[in-house]
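**Q** I am sharing work08.cif, which consists of mmCIF, C-alpha atoms:
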data_model
loop_
_atom_site.label_atom_id
_atom_site.label_comp_id
_atom_site.auth_asym_id
_atom_site.auth_seq_id
_atom_site.Cartn_x
_atom_site.Cartn_y
_atom_site.Cartn_z
CA MET D 1 0.00 0.00 0.00
CA LYS D 2 1.28 3.49 -0.79
CA HIS D 3 1.88 5.74 2.17
CA PRO D 4 1.13 9.47 2.20
CA LEU D 5 4.02 11.56 3.41
CA ILE D 6 3.05 14.81 5.10
CA LEU D 7 5.58 17.57 5.70
CA THR D 8 5.12 19.24 9.06
CA LEU D 9 8.11 21.54 8.78
CA ALA D 10 8.42 23.46 12.03
CA LEU D 11 10.23 26.35 10.31
CA THR D 12 9.94 29.49 10.09
CA THR D 13 1.28 31.06 -18.18
CA ALA D 14 3.38 30.14 -20.27
CA SER D 15 4.94 33.49 -21.11
CA LEU D 16 8.62 32.48 -21.21
CA ALA D 17 11.06 34.33 -23.41
CA HIS D 18 11.19 32.98 -26.91
CA ALA D 19 13.82 30.37 -27.55
CA GLN D 20 16.98 31.63 -29.20
CA GLN D 21 17.91 30.45 -32.66
CA ILE D 22 21.06 28.54 -31.72
CA THR D 23 21.38 25.81 -29.12
CA LEU D 24 24.83 24.96 -27.83
CA LYS D 25 25.28 21.54 -26.28
CA GLY D 26 28.26 20.24 -24.43
CA ARG D 27 29.80 18.44 -21.51
CA VAL D 28 31.85 19.71 -18.57
CA VAL D 29 34.49 17.40 -17.11
CA ASP D 30 37.42 17.63 -14.71
CA GLU D 31 41.06 16.94 -15.54
CA LYS D 32 40.45 13.21 -15.12
CA ARG D 33 37.57 13.44 -17.64
CA GLN D 34 34.97 12.81 -14.94
CA PRO D 35 31.68 14.72 -15.28
CA VAL D 36 31.21 17.90 -13.24
CA PRO D 37 27.51 18.04 -12.25
CA TYR D 38 25.57 21.23 -11.41
CA ALA D 39 28.18 23.65 -12.81
CA ASN D 40 26.78 27.04 -13.86
CA VAL D 41 27.05 27.67 -17.61
CA GLY D 42 26.36 31.03 -19.26
CA GLN D 43 27.54 33.72 -21.62
CA LEU D 44 30.47 35.79 -20.40
CA GLY D 45 29.23 38.79 -18.43
CA ASN D 46 25.68 37.48 -18.17
CA GLU D 47 23.85 35.50 -15.48
CA PRO D 48 24.02 31.69 -15.68
CA GLY D 49 21.57 30.53 -18.30
CA THR D 50 21.75 26.88 -17.35
CA ALA D 51 23.59 24.29 -15.29
CA THR D 52 25.04 20.88 -16.06
CA ASN D 53 23.07 17.75 -15.20
CA GLU D 54 24.29 14.71 -13.27
CA ALA D 55 26.29 13.59 -16.32
CA GLY D 56 27.99 16.99 -16.71
CA GLU D 57 25.94 17.78 -19.83
CA PHE D 58 24.36 21.12 -20.67
CA SER D 59 22.22 22.85 -23.27
CA LEU D 60 22.43 26.66 -23.70
CA ARG D 61 20.59 28.92 -26.16
CA VAL D 62 22.41 31.93 -27.64
CA ALA D 63 21.35 34.55 -30.17
CA SER D 64 24.36 34.14 -32.46
CA LEU D 65 27.91 32.82 -32.73
CA PRO D 66 30.73 33.20 -31.88
CA ARG D 67 30.16 33.54 -28.12
CA LYS D 68 32.33 33.32 -25.04
CA ILE D 69 30.91 30.72 -22.65
CA THR D 70 31.85 30.74 -18.97
CA VAL D 71 31.62 27.76 -16.62
CA ILE D 72 31.75 28.20 -12.85
CA SER D 73 31.76 25.40 -10.29
CA LEU D 74 32.96 25.62 -6.71
CA GLY D 75 36.20 23.67 -6.32
CA TYR D 76 37.33 24.46 -9.86
CA ALA D 77 38.89 27.46 -11.56
CA PRO D 78 36.37 29.56 -13.56
CA THR D 79 36.80 28.68 -17.22
CA THR D 80 35.88 30.61 -20.38
CA VAL D 81 35.86 29.08 -23.87
CA ASP D 82 35.01 30.33 -27.35
CA ALA D 83 31.95 28.75 -28.94
CA THR D 84 32.18 29.19 -32.71
CA SER D 85 29.93 26.38 -33.94
CA ALA D 86 26.91 24.45 -32.72
CA THR D 87 27.62 21.50 -35.03
CA GLU D 88 29.70 19.55 -32.51
CA PRO D 89 29.16 19.41 -28.72
CA LEU D 90 31.59 21.43 -26.62
CA LEU D 91 33.93 19.62 -24.26
CA ILE D 92 34.97 21.94 -21.43
CA VAL D 93 37.67 20.81 -19.01
CA LEU D 94 37.83 22.43 -15.57
CA LYS D 95 41.03 22.68 -13.58
CA ALA D 96 40.75 21.92 -9.87
CA SER D 97 41.25 24.78 -7.41
CA THR D 98 44.46 24.96 -5.45
CA VAL D 99 43.91 23.66 -1.92
CA ALA D 100 45.67 25.22 1.08
CA LEU D 101 45.65 23.34 4.36
CA PRO D 102 44.25 25.37 7.28
CA GLU D 103 47.37 25.09 9.42
CA VAL D 104 49.35 26.69 6.60
CA ARG D 105 46.84 29.49 6.00
CA VAL D 106 45.92 30.45 9.61
CA ARG D 107 47.14 29.91 13.16
CA ASN D 108 43.84 29.02 14.85
CA PRO D 109 41.57 27.20 12.32
CA GLU D 110 38.61 26.66 14.67
CA GLN D 111 38.51 30.28 15.81
CA VAL D 112 38.89 31.57 12.26
CA ALA D 113 36.09 29.26 11.07
CA THR D 114 33.73 30.41 13.84
CA GLU D 115 34.40 34.09 13.16
CA LEU D 116 33.88 33.62 9.42
CA VAL D 117 30.51 31.95 10.01
CA LYS D 118 29.45 34.79 12.32
CA ARG D 119 30.44 37.36 9.69
CA ALA D 120 28.58 35.44 6.99
CA TYR D 121 25.45 35.37 9.12
CA ALA D 122 25.72 39.09 9.95
CA LYS D 123 25.97 39.93 6.24
CA LEU D 124 22.92 37.79 5.41
CA VAL D 125 20.86 39.42 8.17
CA ARG D 126 21.79 42.94 7.07
CA HIS D 127 20.30 42.24 3.66
CA GLN D 128 17.52 39.81 4.61
CA ARG D 129 14.73 42.15 3.52
CA GLN D 130 16.14 42.68 0.04
CA GLU D 131 13.70 40.76 -2.13
CA GLN D 132 14.80 39.44 -5.50
CA TYR D 133 12.70 38.41 -8.49
CA GLY D 134 13.45 35.94 -11.21
CA LYS D 135 12.53 32.92 -13.25
CA ALA D 136 13.27 29.41 -12.00
CA PHE D 137 13.02 25.88 -13.29
CA TYR D 138 12.19 23.02 -10.94
CA ARG D 139 12.66 19.31 -11.64
CA GLN D 140 11.49 16.62 -9.25
CA LYS D 141 11.84 12.91 -9.83
CA GLN D 142 11.09 9.85 -7.78
CA GLU D 143 12.40 6.30 -8.02
CA HIS D 144 10.66 3.40 -6.35
CA ASN D 145 12.71 0.22 -5.95
CA GLY D 146 15.04 1.34 -8.73
CA LYS D 147 12.35 2.42 -11.24
CA TYR D 148 11.07 5.93 -11.95
CA SER D 149 7.57 6.33 -10.55
CA GLU D 150 6.99 10.12 -10.65
CA PHE D 151 8.36 12.99 -12.71
CA LEU D 152 7.63 16.72 -12.39
CA ASP D 153 9.00 19.71 -14.33
CA ALA D 154 7.83 23.28 -13.69
CA PHE D 155 8.62 26.87 -14.61
CA TYR D 156 7.99 29.54 -11.99
CA ASP D 157 8.16 33.29 -11.55
CA VAL D 158 9.75 33.58 -8.11
CA ARG D 159 10.01 36.11 -5.32
CA PHE D 160 12.88 35.23 -2.98
CA THR D 161 15.59 36.35 -0.58
CA ASN D 162 18.78 34.63 0.48
CA GLN D 163 16.79 33.01 3.27
CA GLY D 164 14.63 31.16 0.77
CA VAL D 165 11.61 31.33 -1.55
CA GLY D 166 8.84 33.65 -0.37
CA GLY D 167 6.36 33.18 -3.18
CA TRP D 168 6.01 32.01 -6.75
CA GLN D 169 3.62 31.84 -9.67
CA LEU D 170 3.44 28.71 -11.81
CA GLU D 171 3.94 29.35 -15.53
CA GLN D 172 3.96 25.86 -17.00
CA ALA D 173 4.31 22.34 -15.60
CA ARG D 174 4.20 18.70 -16.59
CA TYR D 175 3.67 15.77 -14.28
CA ALA D 176 3.57 12.04 -14.85
CA THR D 177 3.21 9.09 -12.54
CA ALA D 178 3.32 5.31 -12.82
CA ALA D 179 0.83 3.24 -10.88
CA GLU D 180 2.42 1.72 -7.77
CA GLU D 181 0.85 -0.30 -4.98
CA THR D 182 3.59 0.38 -2.47
CA GLY D 183 6.03 3.21 -1.77
CA VAL D 184 5.53 6.83 -0.77
CA ASP D 185 3.17 9.50 -2.11
CA MET D 186 5.12 12.79 -2.04
CA THR D 187 2.64 15.58 -2.78
CA ASN D 188 4.73 18.59 -1.71
CA PHE D 189 8.41 17.65 -1.68
CA SER D 190 9.37 21.15 -2.78
CA ALA D 191 8.20 22.39 0.62
CA ALA D 192 11.56 21.20 1.96
CA VAL D 193 13.39 22.95 -0.88
CA ARG D 194 11.46 26.15 -0.23
CA LEU D 195 11.06 26.24 3.54
CA ILE D 196 14.19 24.87 5.21
CA PRO D 197 15.97 28.19 5.80
CA VAL D 198 19.54 29.09 4.90
CA PHE D 199 19.76 31.22 8.06
CA GLU D 200 17.51 31.75 11.07
CA PRO D 201 17.44 35.20 12.74
CA LYS D 202 15.03 34.01 15.47
CA PRO D 203 16.13 30.52 16.51
CA SER D 204 13.82 28.44 18.69
CA ARG D 205 14.12 25.05 20.35
CA ARG D 206 10.97 24.04 18.49
CA THR D 207 12.63 24.49 15.08
CA LEU D 208 15.61 23.10 13.23
CA ALA D 209 18.95 24.45 14.45
CA VAL D 210 21.05 25.78 11.56
CA PRO D 211 24.66 27.05 11.63
CA LEU D 212 23.83 30.54 10.33
CA SER D 213 22.06 32.06 13.32
CA PRO D 214 22.86 34.30 16.32
CA LEU D 215 23.41 31.11 18.36
CA ALA D 216 25.94 29.62 15.95
CA ASP D 217 28.88 29.18 18.35
CA LYS D 218 26.61 27.99 21.17
CA GLN D 219 24.88 25.30 19.07
CA PHE D 220 27.63 24.17 16.69
CA LYS D 221 31.32 23.40 16.42
CA PHE D 222 33.13 24.67 13.33
CA HIS D 223 36.24 23.21 11.72
CA LEU D 224 38.20 24.84 8.90
CA ARG D 225 38.93 21.86 6.65
CA GLU D 226 40.75 23.65 3.81
CA VAL D 227 40.94 26.83 1.75
CA LEU D 228 40.22 26.79 -2.01
CA GLN D 229 42.33 29.28 -3.97
CA ASP D 230 41.50 30.60 -7.46
CA LYS D 231 43.03 33.68 -9.10
CA GLY D 232 43.27 35.68 -5.89
CA GLN D 233 39.93 34.48 -4.46
CA GLU D 234 39.94 32.24 -1.40
CA THR D 235 37.02 30.13 -0.19
CA ALA D 236 37.00 28.66 3.29
CA VAL D 237 35.58 25.14 3.51
CA ILE D 238 34.05 24.86 7.00
CA ASP D 239 32.53 21.69 8.46
CA PHE D 240 29.88 22.15 11.13
CA THR D 241 28.48 19.67 13.66
CA PRO D 242 25.95 20.16 16.50
CA ARG D 243 27.31 20.38 20.01
CA LEU D 244 26.74 17.25 22.08
CA ASP D 245 24.59 19.09 24.64
CA LEU D 246 22.26 20.56 22.00
CA ASN D 247 18.84 19.19 22.82
CA GLN D 248 17.00 19.85 19.55
CA PRO D 249 17.04 18.74 15.89
CA ALA D 250 20.07 20.16 14.09
CA ALA D 251 21.71 19.93 10.69
CA PHE D 252 25.33 19.00 10.06
CA GLY D 253 27.39 19.56 6.95
CA THR D 254 29.70 22.06 5.25
CA LEU D 255 29.75 25.81 4.58
CA TYR D 256 31.72 27.48 1.79
CA VAL D 257 32.48 31.12 2.66
CA ASP D 258 34.59 33.76 0.91
CA PHE D 259 37.65 34.13 3.11
CA LYS D 260 37.92 37.90 2.60
CA THR D 261 34.33 39.15 2.34
CA ALA D 262 32.48 36.41 4.29
CA ALA D 263 29.99 36.10 1.42
CA ILE D 264 28.37 32.67 1.45
CA ARG D 265 28.93 30.56 -1.65
CA ARG D 266 27.43 27.16 -0.76
CA LEU D 267 25.67 25.40 2.10
CA GLU D 268 25.59 21.58 2.26
CA SER D 269 23.30 20.23 4.97
CA ASN D 270 22.31 16.80 6.21
CA VAL D 271 18.94 17.33 7.86
CA PRO D 272 17.27 15.09 10.49
CA ILE D 273 14.13 14.98 8.40
CA GLY D 274 12.42 12.49 10.72
CA ASN D 275 11.97 15.34 13.21
CA LEU D 276 10.32 17.54 10.59
CA MET D 277 7.90 15.23 8.82
CA SER D 278 5.42 12.54 9.69
CA LEU D 279 4.82 9.25 7.90
CA GLN D 280 1.50 7.45 8.04
CA PHE D 281 1.80 3.67 7.72
CA SER D 282 -0.64 0.93 6.94
CA GLU D 283 -0.60 -2.35 8.83
CA GLY D 284 2.50 -4.41 8.09
CA THR D 285 4.68 -1.42 7.19
CA THR D 286 7.51 0.03 9.27
CA LEU D 287 10.20 2.63 8.67
CA THR D 288 13.70 1.20 8.36
CA SER D 289 15.65 4.40 7.65
CA GLN D 290 15.51 7.78 5.96
CA THR D 291 18.07 10.42 5.00
CA PHE D 292 17.77 13.95 3.66
CA ARG D 293 20.54 16.03 2.09
CA MET D 294 20.24 19.60 0.86
CA VAL D 295 22.64 21.82 -1.12
CA THR D 296 22.08 25.56 -1.56
CA GLU D 297 24.22 27.42 -4.10
CA PHE D 298 24.85 31.17 -4.29
CA SER D 299 26.28 33.39 -7.02
CA PRO D 300 28.30 36.57 -6.36
CA VAL D 301 26.70 39.98 -6.95
CA ALA D 302 27.81 43.59 -6.46
CA ASP D 303 29.26 44.83 -3.18
CA SER D 304 30.63 41.40 -2.18
CA LEU D 305 27.16 39.96 -1.66
CA SER D 306 25.55 36.68 -2.72
CA ARG D 307 22.33 35.78 -4.49
CA LEU D 308 20.43 32.50 -4.25
CA GLN D 309 21.23 30.49 -7.39
CA ALA D 310 20.04 26.91 -6.86
CA VAL D 311 18.60 24.57 -4.24
CA ARG D 312 18.87 20.78 -4.50
CA ALA D 313 17.43 18.19 -2.14
CA GLU D 314 17.65 14.40 -2.02
CA GLN D 315 15.71 12.09 0.27
CA THR D 316 15.83 8.33 0.63
CA ILE D 317 13.10 6.47 2.53
CA VAL D 318 13.47 2.76 3.19
CA LEU D 319 10.40 0.91 4.46
CA SER D 320 9.73 -2.68 5.40
CA TYR D 321 6.48 -3.82 3.81
CA GLN D 322 5.29 -7.27 4.84
CA GLY D 323 8.88 -8.15 5.71
CA LYS D 324 10.35 -6.98 2.39
CA PRO D 325 12.47 -3.81 1.82
CA ASP D 326 10.71 -1.02 -0.06
CA SER D 327 12.88 1.94 -1.10
CA THR D 328 11.89 5.37 -2.44
CA GLU D 329 14.36 8.04 -3.60
CA ILE D 330 13.13 11.58 -4.24
CA SER D 331 15.14 14.51 -5.59
CA GLY D 332 14.28 18.11 -6.34
CA ASN D 333 16.37 20.73 -8.16
CA LEU D 334 15.33 24.40 -8.21
CA PHE D 335 17.53 26.51 -10.52
CA PHE D 336 17.24 30.29 -10.98
CA TYR D 337 18.09 30.88 -14.64
CA GLN D 338 17.07 34.52 -15.05
CA ASN D 339 16.92 37.52 -12.72
CA THR D 340 14.16 40.07 -13.32
CA THR D 341 12.82 43.30 -11.89
CA LYS D 342 9.72 43.33 -9.73
CA PRO D 343 6.80 42.72 -12.09
CA ALA D 344 3.87 45.12 -12.01
CA ALA D 345 0.55 43.76 -10.73
CA LYS D 346 1.74 40.16 -10.63
CA GLY D 347 0.61 37.94 -7.81
CA TYR D 348 2.83 35.36 -6.12
CA LYS D 349 1.19 32.48 -4.32
CA SER D 350 2.48 31.91 -0.82
CA THR D 351 4.73 28.86 -0.73
CA GLY D 352 3.81 27.73 2.74
CA VAL D 353 3.89 24.12 3.88
CA ASN D 354 0.35 23.50 2.63
CA TYR D 355 1.13 24.53 -0.96
CA ASN D 356 0.69 21.42 -3.11
CA ASP D 357 2.92 21.20 -6.20
CA LEU D 358 1.15 18.29 -7.80
CA LYS D 359 -2.32 19.81 -7.57
CA GLN D 360 -1.03 22.88 -9.40
CA ALA D 361 0.84 20.82 -12.03
CA MET D 362 -2.13 18.57 -12.67
CA LYS D 363 -4.17 21.59 -13.80
CA GLN D 364 -1.80 22.05 -16.76
CA ASN D 365 -2.40 20.59 -20.21
CA TYR D 366 0.64 18.81 -21.62
CA ASN D 367 2.31 20.48 -24.61
CA ALA D 368 5.23 18.34 -25.85
CA LYS D 369 6.50 21.06 -28.22
CA PHE D 370 6.68 23.60 -25.41
CA TRP D 371 9.01 21.34 -23.45
CA ARG D 372 11.22 20.49 -26.42
CA ASP D 373 11.66 24.17 -27.28
CA ARG D 374 12.29 25.47 -23.78
CA GLU D 375 14.80 23.15 -22.18
CA ILE D 376 16.58 24.94 -19.32
CA LEU D 377 18.27 22.05 -17.55
CA ARG D 378 19.31 19.38 -20.04
CA ALA D 379 17.86 16.00 -19.21
CA SER D 380 20.43 13.31 -18.50
CA PRO D 381 20.42 10.21 -20.73
CA VAL D 382 18.40 8.33 -18.11
CA GLU D 383 15.92 11.20 -17.77
CA GLU D 384 15.55 11.48 -21.56
CA LYS D 385 14.61 7.81 -21.72
CA VAL D 386 12.12 8.22 -18.89
CA ILE D 387 10.52 11.26 -20.57
CA ARG D 388 10.22 9.44 -23.90
CA ASP D 389 8.65 6.44 -22.21
CA LEU D 390 6.18 8.62 -20.33
CA GLU D 391 5.26 10.49 -23.52
CA GLN D 392 4.69 7.24 -25.40
CA ARG D 393 2.42 6.04 -22.60
CA LYS D 394 0.66 9.46 -22.64
CA ALA D 395 1.32 9.66 -18.93
CA PHE D 396 1.87 13.42 -18.89
CA GLY D 397 -1.33 15.31 -18.23
CA SER D 398 -3.51 12.23 -17.76
CA PHE D 399 -4.60 11.57 -14.20
#
Reformat the file's structure so that it appears as structure tokens.

**A**
Amino acid sequence: MKHPLILTLALTTASLAHAQQITLKGRVVDEKRQPVPYANVGQLGNEPGTATNEAGEFSLRVASLPRKITVISLGYAPTTVDATSATEPLLIVLKASTVALPEVRVRNPEQVATELVKRAYAKLVRHQRQEQYGKAFYRQKQEHNGKYSEFLDAFYDVRFTNQGVGGWQLEQARYATAAEETGVDMTNFSAAVRLIPVFEPKPSRRTLAVPLSPLADKQFKFHLREVLQDKGQETAVIDFTPRLDLNQPAAFGTLYVDFKTAAIRRLESNVPIGNLMSLQFSEGTTLTSQTFRMVTEFSPVADSLSRLQAVRAEQTIVLSYQGKPDSTEISGNLFFYQNTTKPAAKGYKSTGVNYNDLKQAMKQNYNAKFWRDREILRASPVEEKVIRDLEQRKAFGSF
């Protein structure tokens, strides 16, 4: 029997721009020719227009050629290449950042790490009311016992701050599902992507403890693991763990902070999701384990600040159903591909915990041509196969 999963987070149409005439495709790899996933790819001097998928592949539309294409991924040197033809896919090789050990860079790594985190939090709080507007693409997929069982793509107009998404308006969506007798029904997985905060100005024992808060040094221990160095820019890699006497749910993971300006660049969190959501089981079903990992990416903007760029979340739920293992893996990827000014007279639906993604997506009629012409995040080979199969079965838009 399928089990509804209800988020109880205790935390705080189609009017897209017309597709450009030329589509550049390519692959981003490291020096060992391994794919670099989730790297930002865009035209030099412009905002990232896309990001690589799990296989390091990307698809980017440009008005004309030649163009200079820039690839940025934390842990690698920023790389710019000339794109002169769309006939053959680009192969872009990234060089790894230089790594300095903390004991070489500073005298007291733990103290330096703690002070950097405090500065990063102070900068975020100073600008917490500065709302941003943009366009975002969201992809959610679910695998049940190794097979895709749900697939959701959506375009949104978004109102957001560096703390998270405040509101959005659905432009276009497609949703497909395969009939399953067991597993998990996830009706609002993006609530985690939207509502787990990057920082918390008013921490409470009833909510999730996060490292970017006024109680940072009282709730967490910080360790400067290493410093990434690229062309004069240094990024501190700081691991954080909850203190042993902290008597509340808390995340653990890694912060990436600009060593000079304290601008946040990435937050990787492992979240005790069992404390934030409830599972309802039928007879004969028990929970074996569950994990939840979240990565929040930021891009630099003027005055040494950061802007929310992408949020990715992955959850694995393992059940025991009538004595047999039953596994569900869910992932969501929200990518901001275009920044805009505040639109006049445009409403943004509140993205509270009760907002239901699937109900909104299921109101949309499926237009295959729309999705072929407006690819923002290139589907991986596995995803392409899944989409083709779902289209052939006419699963999109039929409920």

**Q** Hey, can you check how far CA of Gln338 (chain D) sits from CA of Phe370 (chain D)?

**A** 18.3 Å

**Q** Restricting the calculation to all atoms listed in the file: of D:Asn46, D:Thr161, D:Gln280, D:Asn356, which residue gets closest to Gly134 (chain D)?

**A**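 Going through D:Asn46, D:Thr161, D:Gln280, D:Asn356 one by one, the smallest distance to Gly134 (chain D) is for D:Thr161.
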
**Q** If we count only C-alpha atoms and set the cut-off at 10 Å, which residues sit around Ile264 (chain D), ignoring sequence neighbours fewer than 4 positions away in its own chain? Please answer as a list in words.

**A**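 Surrounding residues, per the criterion: Leu116, Val117, Arg119, Ala120, Tyr121, Lys123, Leu124, Asn162, Thr235, Ala236, Leu255, Tyr256, Val257, Asp258, Phe259, Thr296, Glu297, Phe298, Ser299, Pro300, Ser304, Leu305, Ser306, Arg307 and Leu308 of chain D.
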
**Q** Could you check the closest approach to Ala192 (chain D) for each of D:Arg126, D:Arg107, D:Arg312, D:Arg243 and tell me which residue wins, using all atoms listed in the file?

**A** D:Arg312

**Q** Sorted by chain and rising residue number, list the residues of region 312-374 of chain D at most 12 Å from region 61-72 of chain D (counting only C-alpha atoms), each with its closest atom pair and distance in Å to one decimal, as JSON lines.

**A**
{"residue": "D:Tyr337", "atom": "CA", "partner": "D:Arg61", "partner_atom": "CA", "distance": 11.9}
{"residue": "D:Asp373", "atom": "CA", "partner": "D:Arg61", "partner_atom": "CA", "distance": 10.2}
{"residue": "D:Arg374", "atom": "CA", "partner": "D:Arg61", "partner_atom": "CA", "distance": 9.3}

**Q** State, in Å with one decimal place, the distance from CA of Gln111 (chain D) to CA of Phe292 (chain D).

**A**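 Between these atoms lies a distance of 29.1 Å.
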
**Q** Compare D:Asp30, D:Glu150, D:Glu391, D:Glu383 by their minimum atom-to-atom distance to Ala178 (chain D), counting only C-alpha atoms, and give me the closest one.

**A** D:Glu150

**Q** Applying the PyMOL selection byres ((chain D and resi 95-97) around 9) to the file I just gave you, which residues come out? Please list them as a short mmCIF file (atom, residue, chain, number, x, y, z; two decimals) with C-alpha atoms, in the frame of the given file.

**A**
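The new file result_1.cif reads:
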data_model
loop_
_atom_site.label_atom_id
_atom_site.label_comp_id
_atom_site.auth_asym_id
_atom_site.auth_seq_id
_atom_site.Cartn_x
_atom_site.Cartn_y
_atom_site.Cartn_z
CA ASP D 30 37.42 17.63 -14.71
CA GLU D 31 41.06 16.94 -15.54
CA LEU D 74 32.96 25.62 -6.71
CA GLY D 75 36.20 23.67 -6.32
CA TYR D 76 37.33 24.46 -9.86
CA ALA D 77 38.89 27.46 -11.56
CA PRO D 78 36.37 29.56 -13.56
CA THR D 79 36.80 28.68 -17.22
CA VAL D 93 37.67 20.81 -19.01
CA LEU D 94 37.83 22.43 -15.57
CA THR D 98 44.46 24.96 -5.45
CA VAL D 99 43.91 23.66 -1.92
CA LEU D 228 40.22 26.79 -2.01
CA GLN D 229 42.33 29.28 -3.97
CA ASP D 230 41.50 30.60 -7.46
#

**Q** Pick the closest to Arg393 (chain D) from D:Ala310, D:Thr177, D:Arg206, D:Met186: which is it, counting all atoms listed in the file?

**A**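 Distance minimum relative to Arg393 (chain D) lands on D:Thr177.
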
**Q** List every protein, DNA or RNA residue with an atom no more than 8 Å from (18.7, 21.0, -24.3) in the file's coordinates, counting only C-alpha atoms, and format the result as a VMD selection string.

**A** chain D and resid 23 25 58 to 60 372 374 to 379

**Q** For each of D:Pro109, D:Pro102, D:Gly56, D:Pro242, take the minimum atom-to-atom distance to Asp217 (chain D), counting only C-alpha atoms, then give the residue where this is smallest.

**A**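 Smallest distance to Asp217 (chain D) is found for D:Pro242.
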
**Q** So the first atom is CA of Val158 (chain D) and the second is CA of Ala136 (chain D); what is the distance between them in Å, to one decimal place?

**A**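 CA of Val158 (chain D) sits 6.7 Å away from CA of Ala136 (chain D).
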
**Q** What lies within 8 Å of Gln248 (chain D) using all atoms listed in the file, ignoring chain neighbours under 5 positions off, as a list in words?

**A**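 Residues meeting the cut-off are Arg205, Arg206, Thr207, Leu208 and Ala209 of chain D.
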
**Q** Might you pull out every residue within 7 Å of Glu143 (chain D), with only C-alpha atoms counted and same-chain residues fewer than 6 positions away left off, and present them as a list of chain:residue names?

**A**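 Within the cut-off, the hits are D:Ser149, D:Thr328, D:Glu329, D:Ile330.
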
**Q** Can I get the selection written as a short mmCIF file (atom, residue, chain, number, x, y, z; two decimals), keeping the file's coordinate frame, with C-alpha atoms?

**A**
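Writing done, so here's selection14.cif:
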data_model
loop_
_atom_site.label_atom_id
_atom_site.label_comp_id
_atom_site.auth_asym_id
_atom_site.auth_seq_id
_atom_site.Cartn_x
_atom_site.Cartn_y
_atom_site.Cartn_z
CA SER D 149 7.57 6.33 -10.55
CA THR D 328 11.89 5.37 -2.44
CA GLU D 329 14.36 8.04 -3.60
CA ILE D 330 13.13 11.58 -4.24
#

**Q** Can you tell me which residues surround Ala122 (chain D) at a distance of at most 9 Å, considering only C-alpha atoms, apart from same-chain residues fewer than 6 positions away, and format the answer as a PyMOL selection string?

**A** chain D and resi 212-214

**Q** On this structure, which residues satisfy the PyMOL selection byres ((chain D and resi 334) around 7), written as an mmCIF file with C-alpha atoms, keeping the file's coordinate frame?

**A**
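This is the output file expr_7.cif:
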data_model
loop_
_atom_site.group_PDB
_atom_site.id
_atom_site.type_symbol
_atom_site.label_atom_id
_atom_site.label_comp_id
_atom_site.auth_asym_id
_atom_site.auth_seq_id
_atom_site.Cartn_x
_atom_site.Cartn_y
_atom_site.Cartn_z
ATOM 1 C CA ALA D 136 13.270 29.410 -12.000
ATOM 2 C CA PHE D 137 13.020 25.880 -13.290
ATOM 3 C CA TYR D 138 12.190 23.020 -10.940
ATOM 4 C CA ARG D 139 12.660 19.310 -11.640
ATOM 5 C CA ALA D 310 20.040 26.910 -6.860
ATOM 6 C CA VAL D 311 18.600 24.570 -4.240
ATOM 7 C CA ARG D 312 18.870 20.780 -4.500
ATOM 8 C CA GLY D 332 14.280 18.110 -6.340
ATOM 9 C CA ASN D 333 16.370 20.730 -8.160
ATOM 10 C CA PHE D 335 17.530 26.510 -10.520
ATOM 11 C CA PHE D 336 17.240 30.290 -10.980
#

**Q** Evaluating the PyMOL selection byres ((chain D and resi 286) around 6) on the displayed file yields which residues, as a list in words?

**A**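 On the file shown, the PyMOL selection byres ((chain D and resi 286) around 6) covers Thr285, Leu287, Leu319 and Ser320 of chain D.
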
**Q** May I have the residues at most 12 Å from (4.9, 41.3, -11.1) in the file's coordinates, counting all atoms listed in the file, as an NGL selection string?

**A** :D and (132-135 or 157-159 or 167-169 or 340-349)

**Q** My list of candidates is D:Leu279, D:Val184, D:Leu152, D:Ala263. Which is closest to Ala302 (chain D) when distances are computed with all atoms listed in the file?

**A** D:Ala263
